[in-house]
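**Q** Please find protein.txt (compact mmCIF, C-alpha atoms) on the next line:
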```txt
# COMPACT_ATOMS: atom_id res chain seq x y z
CA MET A 1 0.00 0.00 0.00
CA SER A 2 1.12 3.52 -0.79
CA TYR A 3 0.72 6.60 1.40
CA TYR A 4 -1.01 8.11 -1.63
CA GLU A 5 -4.22 6.30 -2.59
CA PRO A 6 -6.11 7.78 -5.60
CA LYS A 7 -9.44 7.30 -3.81
CA ASP A 8 -8.25 9.49 -0.92
CA LEU A 9 -8.58 12.57 -3.14
CA GLU A 10 -12.37 12.13 -3.03
CA ARG A 11 -12.07 12.62 0.76
CA PHE A 12 -10.42 16.04 0.43
CA GLY A 13 -13.57 17.62 1.86
CA GLU A 14 -12.91 15.84 5.17
CA ILE A 15 -10.49 18.66 5.99
CA GLY A 16 -13.64 20.61 6.85
CA GLN A 17 -14.56 18.17 9.62
CA PHE A 18 -12.88 20.56 12.07
CA ARG A 19 -13.00 24.35 11.67
CA GLY A 20 -15.31 23.84 8.70
CA GLU A 21 -15.61 27.57 8.03
CA LEU A 22 -11.91 27.69 7.09
CA ALA A 23 -12.30 24.81 4.63
CA GLU A 24 -15.37 26.50 3.18
CA LYS A 25 -13.40 29.68 2.53
CA PHE A 26 -10.61 27.65 0.91
CA PHE A 27 -12.93 25.67 -1.38
CA ASP A 28 -14.83 28.83 -2.40
CA TYR A 29 -11.54 30.52 -3.22
CA TYR A 30 -10.25 27.42 -5.04
CA ASN A 31 -13.37 27.03 -7.18
CA THR A 32 -13.52 30.73 -7.98
CA VAL A 33 -9.91 30.73 -9.16
CA VAL A 34 -9.70 27.49 -11.19
CA GLY A 35 -13.34 26.55 -11.80
CA GLN A 36 -14.20 29.25 -14.34
CA ASP A 37 -12.83 31.34 -17.16
CA GLY A 38 -11.44 34.69 -16.07
CA ALA A 39 -8.60 36.74 -17.48
CA LEU A 40 -7.15 33.28 -18.11
CA THR A 41 -9.20 30.46 -19.60
CA LYS A 42 -9.92 27.28 -17.60
CA ARG A 43 -7.60 25.49 -20.01
CA GLU A 44 -4.72 27.88 -19.32
CA LYS A 45 -5.31 27.60 -15.58
CA ALA A 46 -5.36 23.80 -15.81
CA LEU A 47 -1.97 23.83 -17.57
CA ILE A 48 -0.51 26.13 -14.88
CA ALA A 49 -1.93 23.88 -12.16
CA LEU A 50 -0.45 20.81 -13.88
CA ALA A 51 2.97 22.48 -13.93
CA VAL A 52 2.69 23.41 -10.24
CA ALA A 53 1.52 19.86 -9.43
CA HIS A 54 4.74 18.52 -10.93
CA ALA A 55 6.94 21.10 -9.22
CA LYS A 56 5.33 20.24 -5.88
CA GLN A 57 5.23 16.52 -6.82
CA CYS A 58 1.64 15.99 -5.72
CA PRO A 59 0.27 12.72 -7.17
CA TYR A 60 -3.33 13.73 -6.39
CA CYS A 61 -2.93 16.98 -8.32
CA ILE A 62 -1.10 15.37 -11.26
CA ASP A 63 -3.94 12.88 -11.61
CA ALA A 64 -6.70 15.48 -11.25
CA TYR A 65 -5.11 18.09 -13.51
CA THR A 66 -4.23 15.60 -16.24
CA THR A 67 -7.98 14.97 -16.48
CA GLN A 68 -8.79 18.68 -16.16
CA CYS A 69 -6.32 19.53 -18.97
CA LEU A 70 -7.90 16.92 -21.25
CA GLU A 71 -11.43 18.03 -20.36
CA THR A 72 -10.60 21.62 -21.25
CA GLY A 73 -9.22 20.58 -24.64
CA ALA A 74 -5.47 20.56 -23.95
CA ASN A 75 -3.25 17.96 -25.58
CA PRO A 76 -0.14 15.98 -24.55
CA ASP A 77 2.17 18.44 -26.38
CA GLU A 78 0.86 21.37 -24.34
CA MET A 79 0.81 19.36 -21.11
CA THR A 80 4.38 18.16 -21.59
CA GLU A 81 5.50 21.70 -22.36
CA ALA A 82 3.88 22.87 -19.10
CA VAL A 83 5.85 20.18 -17.20
CA HIS A 84 9.04 21.42 -18.89
CA VAL A 85 8.22 24.95 -17.72
CA ALA A 86 8.05 23.60 -14.16
CA ALA A 87 11.31 21.69 -14.69
CA VAL A 88 13.27 24.65 -16.06
CA MET A 89 11.93 26.89 -13.31
CA GLU A 90 13.18 24.42 -10.71
CA ALA A 91 16.54 24.08 -12.47
CA GLY A 92 16.80 27.84 -12.85
CA ILE A 93 15.93 28.41 -9.22
CA THR A 94 18.69 26.00 -8.18
CA LEU A 95 21.24 27.51 -10.55
CA VAL A 96 20.50 31.15 -9.74
CA HIS A 97 21.40 30.37 -6.13
CA GLY A 98 24.93 29.94 -7.49
CA VAL A 99 25.11 33.72 -7.15
CA GLN A 100 24.71 33.24 -3.38
CA MET A 101 27.57 30.75 -3.52
CA HIS A 102 29.69 33.32 -5.37
CA ASN A 103 28.87 35.90 -2.70
CA ALA A 104 30.03 33.43 -0.02
CA LEU A 105 33.17 32.57 -1.98
CA ARG A 106 34.04 36.28 -2.32
CA LYS A 107 33.41 36.87 1.37
CA ARG A 108 36.00 34.21 2.13
CA GLY A 109 38.49 35.59 -0.38
CA ALA A 110 38.15 32.44 -2.47
CA MET A 111 36.87 34.11 -5.60
CA MET B 1 -17.28 -1.43 -5.61
CA THR B 2 -20.09 0.71 -4.20
CA GLN B 3 -23.47 0.26 -5.80
CA LEU B 4 -23.91 3.00 -8.40
CA PRO B 5 -27.43 4.47 -8.74
CA SER B 6 -29.34 3.36 -11.82
CA PHE B 7 -30.13 6.03 -14.43
CA LYS B 8 -33.83 5.36 -13.85
CA GLU B 9 -33.44 5.99 -10.10
CA THR B 10 -31.58 9.22 -10.80
CA LEU B 11 -34.39 10.42 -13.09
CA THR B 12 -37.00 9.59 -10.44
CA ARG B 13 -35.01 11.29 -7.68
CA ARG B 14 -34.68 14.42 -9.84
CA ASN B 15 -38.34 14.27 -10.82
CA LEU B 16 -37.49 14.03 -14.50
CA ASP B 17 -39.68 12.35 -17.07
CA LEU B 18 -38.04 11.70 -20.43
CA ALA B 19 -41.15 11.38 -22.56
CA PRO B 20 -40.89 11.59 -26.36
CA VAL B 21 -41.66 15.04 -27.77
CA SER B 22 -41.50 14.33 -31.50
CA VAL B 23 -40.01 12.15 -34.20
CA GLU B 24 -38.16 14.78 -36.15
CA THR B 25 -35.32 12.53 -37.26
CA LEU B 26 -35.21 9.01 -38.61
CA GLN B 27 -31.71 7.80 -37.84
CA VAL B 28 -30.96 4.74 -39.90
CA ASN B 29 -27.99 2.46 -39.31
CA VAL B 30 -27.61 0.90 -42.75
CA THR B 31 -24.53 -1.24 -42.16
CA ARG B 32 -22.00 -2.35 -39.55
CA LEU B 33 -19.31 -2.65 -42.21
CA CYS B 34 -16.60 0.01 -41.94
CA ASN B 35 -13.19 0.55 -43.47
CA GLN B 36 -11.94 1.47 -39.98
CA ALA B 37 -12.03 -0.27 -36.58
CA CYS B 38 -11.86 2.58 -34.06
CA HIS B 39 -11.08 1.99 -30.38
CA HIS B 40 -14.17 3.80 -29.11
CA CYS B 41 -16.70 2.50 -31.66
CA HIS B 42 -19.99 1.66 -29.96
CA VAL B 43 -21.10 -0.29 -33.05
CA ASP B 44 -18.02 -2.57 -33.04
CA ALA B 45 -17.91 -1.76 -36.73
CA SER B 46 -14.97 -3.08 -38.77
CA PRO B 47 -13.93 -4.24 -42.27
CA LYS B 48 -15.06 -7.76 -41.29
CA ARG B 49 -18.72 -6.98 -40.53
CA THR B 50 -21.32 -8.08 -43.04
CA GLU B 51 -24.65 -6.70 -41.76
CA GLN B 52 -26.40 -4.60 -44.44
CA MET B 53 -29.86 -3.08 -44.72
CA ASN B 54 -31.64 -4.60 -47.73
CA ARG B 55 -33.53 -2.76 -50.45
CA ALA B 56 -37.00 -3.66 -49.07
CA THR B 57 -36.14 -2.11 -45.69
CA VAL B 58 -34.67 1.00 -47.36
CA ASP B 59 -37.89 1.32 -49.39
CA ARG B 60 -39.98 0.99 -46.23
CA CYS B 61 -37.95 3.76 -44.55
CA LEU B 62 -38.62 5.93 -47.60
CA GLU B 63 -42.36 5.14 -47.39
CA ILE B 64 -42.36 6.26 -43.74
CA LEU B 65 -40.50 9.45 -44.62
CA ALA B 66 -42.98 10.16 -47.43
CA LYS B 67 -45.98 9.49 -45.20
CA HIS B 68 -44.89 11.73 -42.32
CA PRO B 69 -44.03 15.36 -43.15
CA SER B 70 -43.14 15.89 -39.47
CA ILE B 71 -40.10 13.63 -39.95
CA THR B 72 -37.94 16.21 -41.66
CA LYS B 73 -34.51 14.65 -41.31
CA LEU B 74 -32.87 11.41 -42.40
CA ASP B 75 -29.65 10.70 -40.49
CA LEU B 76 -27.61 7.91 -42.10
CA THR B 77 -25.08 6.11 -39.97
CA GLY B 78 -23.21 2.83 -39.72
CA GLY B 79 -20.41 1.50 -39.87
CA ALA B 80 -19.58 3.58 -42.88
CA PRO B 81 -23.08 4.12 -44.32
CA GLU B 82 -21.66 4.68 -47.81
CA LEU B 83 -20.71 0.98 -47.86
CA ASN B 84 -24.34 -0.09 -48.04
CA PRO B 85 -25.11 -1.05 -51.66
CA HIS B 86 -28.35 1.00 -51.58
CA PHE B 87 -26.78 4.11 -50.04
CA ASP B 88 -26.83 6.32 -53.15
CA TYR B 89 -30.43 5.33 -53.93
CA PHE B 90 -31.48 6.02 -50.32
CA VAL B 91 -29.91 9.50 -50.34
CA MET B 92 -31.30 10.49 -53.74
CA SER B 93 -34.80 9.22 -52.91
CA ALA B 94 -34.92 10.98 -49.55
CA ARG B 95 -33.73 14.23 -51.13
CA ALA B 96 -36.43 13.85 -53.80
CA LEU B 97 -38.93 13.73 -50.92
CA GLY B 98 -37.55 17.08 -49.71
CA LYS B 99 -35.94 15.63 -46.59
CA HIS B 100 -32.79 17.00 -45.02
CA VAL B 101 -30.20 14.23 -45.30
CA MET B 102 -27.25 13.92 -42.93
CA VAL B 103 -24.49 11.38 -43.44
CA ARG B 104 -22.14 10.29 -40.66
CA HIS B 105 -19.14 10.19 -42.98
CA ASN B 106 -15.79 8.97 -41.64
CA LEU B 107 -13.78 10.87 -44.33
CA THR B 108 -11.38 7.97 -44.99
CA VAL B 109 -13.87 5.76 -46.83
CA THR B 110 -13.53 8.12 -49.80
CA ILE B 111 -9.86 7.16 -50.04
CA ASP B 112 -9.95 3.55 -48.75
CA GLY B 113 -13.03 2.40 -50.68
CA ASN B 114 -14.95 -0.76 -49.79
CA PRO B 115 -12.62 -3.05 -47.77
CA GLN B 116 -14.48 -6.19 -48.90
CA THR B 117 -15.06 -5.55 -52.61
CA GLY B 118 -12.36 -2.98 -53.36
CA GLU B 119 -15.03 -0.69 -54.89
CA SER B 120 -13.80 2.92 -55.12
CA LYS B 121 -15.65 5.62 -53.20
CA ARG B 122 -13.74 8.56 -54.65
CA TYR B 123 -16.98 9.98 -56.08
CA LEU B 124 -18.48 10.63 -52.62
CA PRO B 125 -17.56 14.32 -52.12
CA GLU B 126 -19.13 15.27 -55.48
CA PHE B 127 -22.14 13.03 -54.77
CA PHE B 128 -22.69 14.72 -51.39
CA ALA B 129 -22.43 18.18 -52.94
CA GLN B 130 -24.72 17.34 -55.84
CA HIS B 131 -27.45 16.17 -53.45
CA GLN B 132 -26.84 18.84 -50.81
CA VAL B 133 -26.14 16.31 -48.09
CA GLU B 134 -25.05 17.55 -44.67
CA VAL B 135 -21.73 15.87 -43.94
CA ILE B 136 -20.94 15.07 -40.30
CA SER B 137 -17.46 13.68 -39.75
CA SER B 138 -15.52 12.43 -36.76
CA LEU B 139 -12.17 14.08 -36.20
CA PRO B 140 -11.17 13.30 -32.62
CA TYR B 141 -8.64 16.14 -32.48
CA TYR B 142 -6.99 18.78 -34.62
CA GLN B 143 -3.68 16.97 -34.26
CA GLU B 144 -2.48 13.66 -35.64
CA PHE B 145 -1.57 12.01 -32.32
CA PHE B 146 -5.03 11.78 -30.70
CA THR B 147 -6.81 11.13 -33.99
CA ASP B 148 -4.60 8.21 -35.03
CA LYS B 149 -4.58 6.79 -31.51
CA GLN B 150 -8.34 6.48 -31.60
CA ARG B 151 -9.02 5.77 -35.26
CA GLY B 152 -5.87 4.05 -36.51
CA ASN B 153 -2.55 5.01 -38.07
CA GLY B 154 -2.77 7.30 -41.06
CA VAL B 155 -6.38 8.33 -40.42
CA PHE B 156 -5.56 11.96 -39.65
CA LYS B 157 -3.68 12.55 -42.92
CA LYS B 158 -6.43 10.88 -44.97
CA SER B 159 -9.09 12.84 -43.09
CA VAL B 160 -7.36 16.13 -43.90
CA GLU B 161 -7.12 15.12 -47.56
CA SER B 162 -10.87 14.41 -47.65
CA LEU B 163 -11.72 17.60 -45.80
CA ARG B 164 -9.74 19.62 -48.33
CA ARG B 165 -11.66 17.99 -51.18
CA LEU B 166 -14.97 18.80 -49.46
CA ASN B 167 -13.78 22.39 -48.96
CA GLU B 168 -12.89 22.65 -52.66
CA LEU B 169 -16.50 21.78 -53.48
CA GLY B 170 -17.75 24.52 -51.14
CA TYR B 171 -18.36 22.45 -48.00
CA GLY B 172 -17.87 24.43 -44.80
CA LYS B 173 -17.69 27.73 -46.67
CA PRO B 174 -20.08 30.59 -45.88
CA ASP B 175 -23.18 30.86 -48.09
CA SER B 176 -22.40 27.66 -50.03
CA GLY B 177 -25.37 25.88 -48.46
CA LEU B 178 -23.09 22.86 -48.04
CA GLU B 179 -22.85 22.06 -44.35
CA LEU B 180 -19.75 20.32 -43.01
CA ASN B 181 -19.74 19.58 -39.29
CA LEU B 182 -17.04 17.81 -37.31
CA VAL B 183 -17.44 15.55 -34.31
CA TYR B 184 -15.08 15.43 -31.36
CA ASN B 185 -15.16 12.61 -28.89
CA PRO B 186 -12.51 12.15 -26.21
CA VAL B 187 -9.70 9.76 -26.99
CA GLY B 188 -10.06 8.12 -23.57
CA ALA B 189 -11.90 8.02 -20.25
CA PHE B 190 -12.66 11.69 -19.79
CA LEU B 191 -15.46 14.10 -20.65
CA PRO B 192 -15.39 16.39 -23.69
CA ALA B 193 -14.10 19.94 -23.38
CA PRO B 194 -16.74 22.71 -23.67
CA GLN B 195 -18.05 22.65 -27.26
CA ALA B 196 -17.78 26.38 -28.11
CA GLU B 197 -14.22 26.69 -26.82
CA LEU B 198 -13.09 23.52 -28.55
CA GLU B 199 -14.75 24.61 -31.82
CA ARG B 200 -12.77 27.85 -31.66
CA GLN B 201 -9.51 25.91 -31.18
CA TYR B 202 -10.33 23.45 -33.98
CA LYS B 203 -11.15 26.29 -36.40
CA LYS B 204 -7.98 28.18 -35.60
CA GLU B 205 -5.66 25.16 -35.80
CA LEU B 206 -7.20 23.42 -38.82
CA GLU B 207 -7.28 26.59 -40.88
CA ALA B 208 -3.78 27.73 -39.90
CA LYS B 209 -2.07 24.37 -40.30
CA PHE B 210 -4.06 22.65 -43.03
CA GLY B 211 -6.23 25.31 -44.68
CA VAL B 212 -9.35 23.36 -43.65
CA VAL B 213 -12.65 25.07 -42.78
CA PHE B 214 -15.90 23.69 -41.39
CA ASN B 215 -19.19 24.92 -39.94
CA HIS B 216 -19.63 23.51 -36.44
CA LEU B 217 -18.00 21.12 -34.01
CA PHE B 218 -20.21 18.67 -32.11
CA THR B 219 -18.76 17.28 -28.89
CA ILE B 220 -19.92 13.75 -28.05
CA THR B 221 -19.29 11.79 -24.85
CA ASN B 222 -17.95 8.25 -25.18
CA MET B 223 -20.64 5.77 -24.16
CA PRO B 224 -19.37 3.04 -21.83
CA ILE B 225 -20.61 0.20 -24.03
CA ASN B 226 -19.15 -2.41 -26.39
CA ARG B 227 -15.58 -1.75 -27.58
CA PHE B 228 -15.04 1.32 -25.38
CA LYS B 229 -16.42 -0.53 -22.34
CA LYS B 230 -13.99 -3.40 -22.97
CA ASP B 231 -11.15 -0.88 -23.18
CA LEU B 232 -12.23 0.67 -19.87
CA GLU B 233 -12.44 -2.76 -18.22
CA ARG B 234 -8.97 -3.65 -19.55
CA LEU B 235 -7.63 -0.47 -17.96
CA GLY B 236 -9.59 -1.13 -14.74
CA ALA B 237 -11.28 2.23 -15.29
CA TYR B 238 -14.92 1.29 -15.97
CA ASP B 239 -16.30 2.10 -12.50
CA GLU B 240 -14.27 5.29 -12.30
CA TYR B 241 -15.57 6.44 -15.70
CA LEU B 242 -19.19 5.63 -14.85
CA THR B 243 -18.81 7.44 -11.52
CA ARG B 244 -17.43 10.43 -13.42
CA LEU B 245 -20.50 10.45 -15.69
CA ILE B 246 -22.85 10.09 -12.70
CA ASN B 247 -21.14 12.91 -10.79
CA ALA B 248 -21.48 15.13 -13.87
CA PHE B 249 -25.23 14.42 -14.25
CA ASN B 250 -26.92 17.56 -15.55
CA PRO B 251 -30.75 17.67 -15.49
CA THR B 252 -30.85 20.20 -18.34
CA ALA B 253 -28.71 17.93 -20.48
CA ALA B 254 -30.93 14.98 -19.54
CA GLU B 255 -34.01 16.84 -20.73
CA GLY B 256 -32.33 17.50 -24.09
CA VAL B 257 -31.49 13.87 -24.90
CA MET B 258 -31.89 12.96 -28.55
CA CYS B 259 -34.11 9.91 -27.99
CA ARG B 260 -36.97 12.35 -27.28
CA SER B 261 -36.94 13.52 -30.90
CA LEU B 262 -35.69 10.63 -33.01
CA ILE B 263 -36.22 6.99 -33.81
CA SER B 264 -33.30 4.73 -34.61
CA VAL B 265 -33.67 2.01 -37.24
CA GLY B 266 -31.38 -1.02 -37.35
CA TYR B 267 -30.07 -2.64 -40.55
CA ASP B 268 -32.71 -5.35 -40.07
CA GLY B 269 -35.55 -2.81 -39.73
CA ARG B 270 -35.93 -3.06 -35.96
CA LEU B 271 -36.68 0.20 -34.14
CA PHE B 272 -34.85 1.57 -31.11
CA ASP B 273 -34.82 4.70 -28.97
CA CYS B 274 -31.27 5.52 -30.12
CA ASP B 275 -28.25 4.04 -31.85
CA PHE B 276 -26.72 3.06 -28.48
CA ASN B 277 -29.81 1.11 -27.45
CA GLN B 278 -29.70 -0.48 -30.88
CA MET B 279 -26.16 -1.74 -30.30
CA LEU B 280 -27.14 -3.05 -26.85
CA ASP B 281 -30.18 -4.75 -28.39
CA LEU B 282 -32.50 -2.82 -26.05
CA GLU B 283 -35.66 -2.99 -28.11
CA LEU B 284 -38.50 -0.48 -27.88
CA ALA B 285 -41.05 -0.95 -25.15
CA GLU B 286 -43.84 -3.35 -26.03
CA ALA B 287 -46.80 -1.87 -27.89
CA SER B 288 -44.68 0.75 -29.63
CA GLY B 289 -44.39 -0.97 -33.01
CA ARG B 290 -41.11 -2.76 -33.03
CA THR B 291 -39.99 -2.62 -36.67
CA ILE B 292 -40.11 -0.13 -39.50
CA PHE B 293 -42.74 -2.38 -41.10
CA ASP B 294 -45.21 -1.70 -38.26
CA PHE B 295 -44.12 1.90 -37.69
CA ASP B 296 -46.92 3.82 -35.94
CA LEU B 297 -46.10 7.45 -35.15
CA ASP B 298 -48.84 7.85 -32.52
CA LEU B 299 -47.72 4.75 -30.64
CA LEU B 300 -44.11 5.89 -30.81
CA LEU B 301 -44.92 9.33 -29.45
CA ASN B 302 -46.55 7.68 -26.45
CA ARG B 303 -43.85 5.10 -25.80
CA GLN B 304 -41.77 4.75 -22.67
CA ILE B 305 -38.15 5.39 -23.61
CA ILE B 306 -35.88 2.52 -22.51
CA VAL B 307 -33.00 3.75 -20.37
CA ASP B 308 -29.97 2.07 -18.80
CA GLN B 309 -26.60 3.00 -17.27
CA HIS B 310 -25.07 4.15 -20.58
CA CYS B 311 -27.68 6.96 -20.65
CA TYR B 312 -25.54 8.76 -18.08
CA GLY B 313 -23.25 9.49 -21.05
CA CYS B 314 -25.89 11.64 -22.77
CA ALA B 315 -26.75 13.48 -19.54
CA ALA B 316 -23.24 14.28 -18.28
CA GLY B 317 -21.80 17.78 -18.24
CA ALA B 318 -23.03 19.79 -21.19
CA GLY B 319 -24.84 16.70 -22.48
CA SER B 320 -24.20 14.65 -25.57
CA SER B 321 -26.18 13.82 -28.67
CA CYS B 322 -25.57 13.14 -32.35
CA GLY B 323 -25.81 16.93 -32.72
CA GLY B 324 -23.32 17.59 -29.92
CA ALA B 325 -23.87 19.26 -26.55
CA THR B 326 -27.47 19.69 -25.41
CA ALA B 327 -27.00 22.20 -22.58
CA LYS B 328 -24.92 25.29 -22.00
CA GLU B 329 -22.01 24.85 -19.58
```
Would you write out, as structure tokens, the structure that this file holds?
**A**
Amino acid sequence: MSYYEPKDLERFGEIGQFRGELAEKFFDYYNTVVGQDGALTKREKALIALAVAHAKQCPYCIDAYTTQCLETGANPDEMTEAVHVAAVMEAGITLVHGVQMHNALRKRGAM
Amino acid sequence: MTQLPSFKETLTRRNLDLAPVSVETLQVNVTRLCNQACHHCHVDASPKRTEQMNRATVDRCLEILAKHPSITKLDLTGGAPELNPHFDYFVMSARALGKHVMVRHNLTVTIDGNPQTGESKRYLPEFFAQHQVEVISSLPYYQEFFTDKQRGNGVFKKSVESLRRLNELGYGKPDSGLELNLVYNPVGAFLPAPQAELERQYKKELEAKFGVVFNHLFTITNMPINRFKKDLERLGAYDEYLTRLINAFNPTAAEGVMCRSLISVGYDGRLFDCDFNQMLDLELAEASGRTIFDFDLDLLLNRQIIVDQHCYGCAAGAGSSCGGATAKE
């Protein structure tokens, strides 16, 4: 058995079992942001969410947003490109911290 | 597995009554023979099938069309309906009666021809144009990958070639009077994207990349029956898909289901509430007139429509019918 069971996602609402008013605010906010077209279309939002799901490595979200991408008309090319955006952001974030390393090297007279 | 509610129970709980409202369309499945064998096909059509509507049954359909002015549309489907030996006669005769004729045309049959006899079907685009037939064609996506995955290798390229030929004849062009509509159905176990948004994407991509134009896109939900059901079971995804359809139940879509305004005729003349019921062998309720030879419009308008679990497919999300979505999202 895995810590992540696909069926557990259906139980997400259980978070409202305690302090339900906080969960209600979250789900309202969530649905308002991703559940409708706004300045971005639902399809564009689904692709962003898919990229974030990969960056955060959330199996629930990858599963749910793969479906959401397909059901808003996206295709595997677009979805894969979104995952690459997440990947290059993560790589870039790691690499740009090299500047911090350079700062530390300079401080120690090593660069 | 938890017990899923039956479609009938859901209708009762929602206080919905799906009574017939008209018979505007006679949808006739003239053959199960097809030059393709698509993954999702609810008919299990393929190049090996041999079922064909005979001339006497075609003539009886024409008699019914002639007798009932309220039946304004003839919707020909299959298999590839063009592979029925009486197809041309059926179309020409129905047009002579002043009926609007729609053909569920798979695009590739024009190029492939008859897989059993080798007969060429290259004349079809001109034939359709000459008789002002509305052409309705499946194109599962505006890219090759999804289309070929569902319909077989090479189908996308052949489909584009056929669409270009139809465009050359005026199909899909404004004011030509030649209607060309495309059908999208998901390549797998998910619901269709919103019809208007997907139509916009299809139009943009097909015109930019292939110079292809068309009138409208119809989104259709995959019914969990026959070949698609077997695929779902193989993937262990049948219950999940049915649950998805049930969770997306939309009462407005349910009220717009096509069985309320059409009658489906099988190759052997038997009558059904829709093409899906036909493939599941769910015959009309008793006392409705069960074949085209005892067709009785009054009895049919008072029949009880036969429903089962697959009906969730027509009532999910924005709804699904042979004319696409039935409710606004």
**Q** At a cut-off of 9 Å from (-18.1, 22.9, -35.8) in the coordinates of the file, what residues are picked up using all atoms listed in the file, written as a list of chain:residue names?
**A** B:Leu180, B:Asn181, B:Leu182, B:Val183, B:Gln195, B:Ala196, B:Leu198, B:Glu199, B:Arg200, B:Tyr202, B:Lys203, B:Phe214, B:Asn215, B:His216, B:Leu217, B:Phe218, B:Thr219
**Q** For chain B, list the residues within 9 Å of chain A, counting all atoms listed in the file, and write the list as a list in words.
**A**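 The contacting residues on chain B are Tyr141, Gln143, Phe145, Phe146, Pro186, Ala189, Phe190, Leu191, Pro192, Ala193, Pro194, Glu197, Leu198 and Gln201 of chain B.
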**Q** For a cut-off of 7 Å around (-28.2, -2.1, -47.0), file coordinates, pick out all residues using only C-alpha atoms and list them as a compact mmCIF listing (two decimals) with C-alpha atoms, keeping the file's coordinate frame.
**A**
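Dumped everything to selection.txt:
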```txt
# COMPACT_ATOMS: atom_id res chain seq x y z
CA VAL B 30 -27.61 0.90 -42.75
CA THR B 31 -24.53 -1.24 -42.16
CA GLN B 52 -26.40 -4.60 -44.44
CA MET B 53 -29.86 -3.08 -44.72
CA ASN B 54 -31.64 -4.60 -47.73
CA ARG B 55 -33.53 -2.76 -50.45
CA ASN B 84 -24.34 -0.09 -48.04
CA PRO B 85 -25.11 -1.05 -51.66
CA HIS B 86 -28.35 1.00 -51.58
CA TYR B 267 -30.07 -2.64 -40.55
```
**Q** Env of range 62-65 of chain A: 10 Å cut, atoms = only C-alpha atoms, seq-sep filter 4 positions within chain, self excluded. Answer as a PyMOL selection string.
**A** chain A and resi 6+9+45-54+56-58+69-71+79
**Q** Restricted to C-alpha atoms, what would the selected residues look like written as an mmCIF file, in the coordinates of the input?
**A**
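part_8.cif, written as the output of this step:
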```cif
data_model
loop_
_atom_site.group_PDB
_atom_site.id
_atom_site.type_symbol
_atom_site.label_atom_id
_atom_site.label_comp_id
_atom_site.auth_asym_id
_atom_site.auth_seq_id
_atom_site.Cartn_x
_atom_site.Cartn_y
_atom_site.Cartn_z
ATOM 1 C CA PRO A 6 -6.110 7.780 -5.600
ATOM 2 C CA LEU A 9 -8.580 12.570 -3.140
ATOM 3 C CA LYS A 45 -5.310 27.600 -15.580
ATOM 4 C CA ALA A 46 -5.360 23.800 -15.810
ATOM 5 C CA LEU A 47 -1.970 23.830 -17.570
ATOM 6 C CA ILE A 48 -0.510 26.130 -14.880
ATOM 7 C CA ALA A 49 -1.930 23.880 -12.160
ATOM 8 C CA LEU A 50 -0.450 20.810 -13.880
ATOM 9 C CA ALA A 51 2.970 22.480 -13.930
ATOM 10 C CA VAL A 52 2.690 23.410 -10.240
ATOM 11 C CA ALA A 53 1.520 19.860 -9.430
ATOM 12 C CA HIS A 54 4.740 18.520 -10.930
ATOM 13 C CA LYS A 56 5.330 20.240 -5.880
ATOM 14 C CA GLN A 57 5.230 16.520 -6.820
ATOM 15 C CA CYS A 58 1.640 15.990 -5.720
ATOM 16 C CA CYS A 69 -6.320 19.530 -18.970
ATOM 17 C CA LEU A 70 -7.900 16.920 -21.250
ATOM 18 C CA GLU A 71 -11.430 18.030 -20.360
ATOM 19 C CA MET A 79 0.810 19.360 -21.110
#
```
**Q** What is the CA of Glu205 in chain B-CA of Cys322 in chain B distance in Å, reported with one decimal?
**A**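 CA of Cys322 in chain B lies at a distance of 23.5 Å from CA of Glu205 in chain B.
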**Q** How many Å lie between CA of Phe27 in chain A and CA of Arg244 in chain B, rounded to one decimal?
**A**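 Value for the CA of Phe27 in chain A-CA of Arg244 in chain B distance: 19.9 Å.
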**Q** Please determine, counting all atoms listed in the file, which residue among B:Gln150, B:Thr50, B:Ser70, B:Thr77 has the shortest atom-to-atom distance to Gln116 in chain B.
**A**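 Closest candidate: B:Thr50.
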**Q** Rounded to one decimal in Å, what is the spacing between CA of Asn106 in chain B and CA of His39 in chain B?
**A**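 According to the coordinates, CA of Asn106 in chain B and CA of His39 in chain B are separated by 14.1 Å.
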**Q** Which one is closest to Val155 in chain B: B:Val101, B:Gln36, B:Glu207, B:Gly177? Count all atoms listed in the file.
**A**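 Result for the nearest residue to Val155 in chain B: B:Gln36.
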**Q** Write out as a list in words which residues come within 10 Å of Asn167 in chain B when counting only C-alpha atoms, dropping same-chain ones fewer than 4 positions away.
**A** Pro125, Glu161, Ser162, Leu163, Tyr171, Gly172, Lys173, Leu178, Leu180, Gly211, Val212, Val213 and Phe214 of chain B
**Q** Would you kindly return, as a PyMOL selection string, each protein, DNA or RNA residue with an atom no farther than 7 Å from any atom of range 288-305 of chain B, considering all atoms listed in the file and excluding same-chain residues fewer than 2 positions away?
**A** chain B and resi 19-22+60-61+269-271+273+284-286+307
**Q** Which one is closest to His84 in chain A: A:Ala104, A:Ile15, A:Ala55, A:Val99? Count all atoms listed in the file.
**A** A:Ala55
**Q** Between B:Ala254, B:Met223, B:Leu97, B:Val135, which has the minimum distance to Lys8 in chain B (counting only C-alpha atoms)?
**A**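 Checking each candidate against Lys8 in chain B, we get B:Ala254 as the closest.
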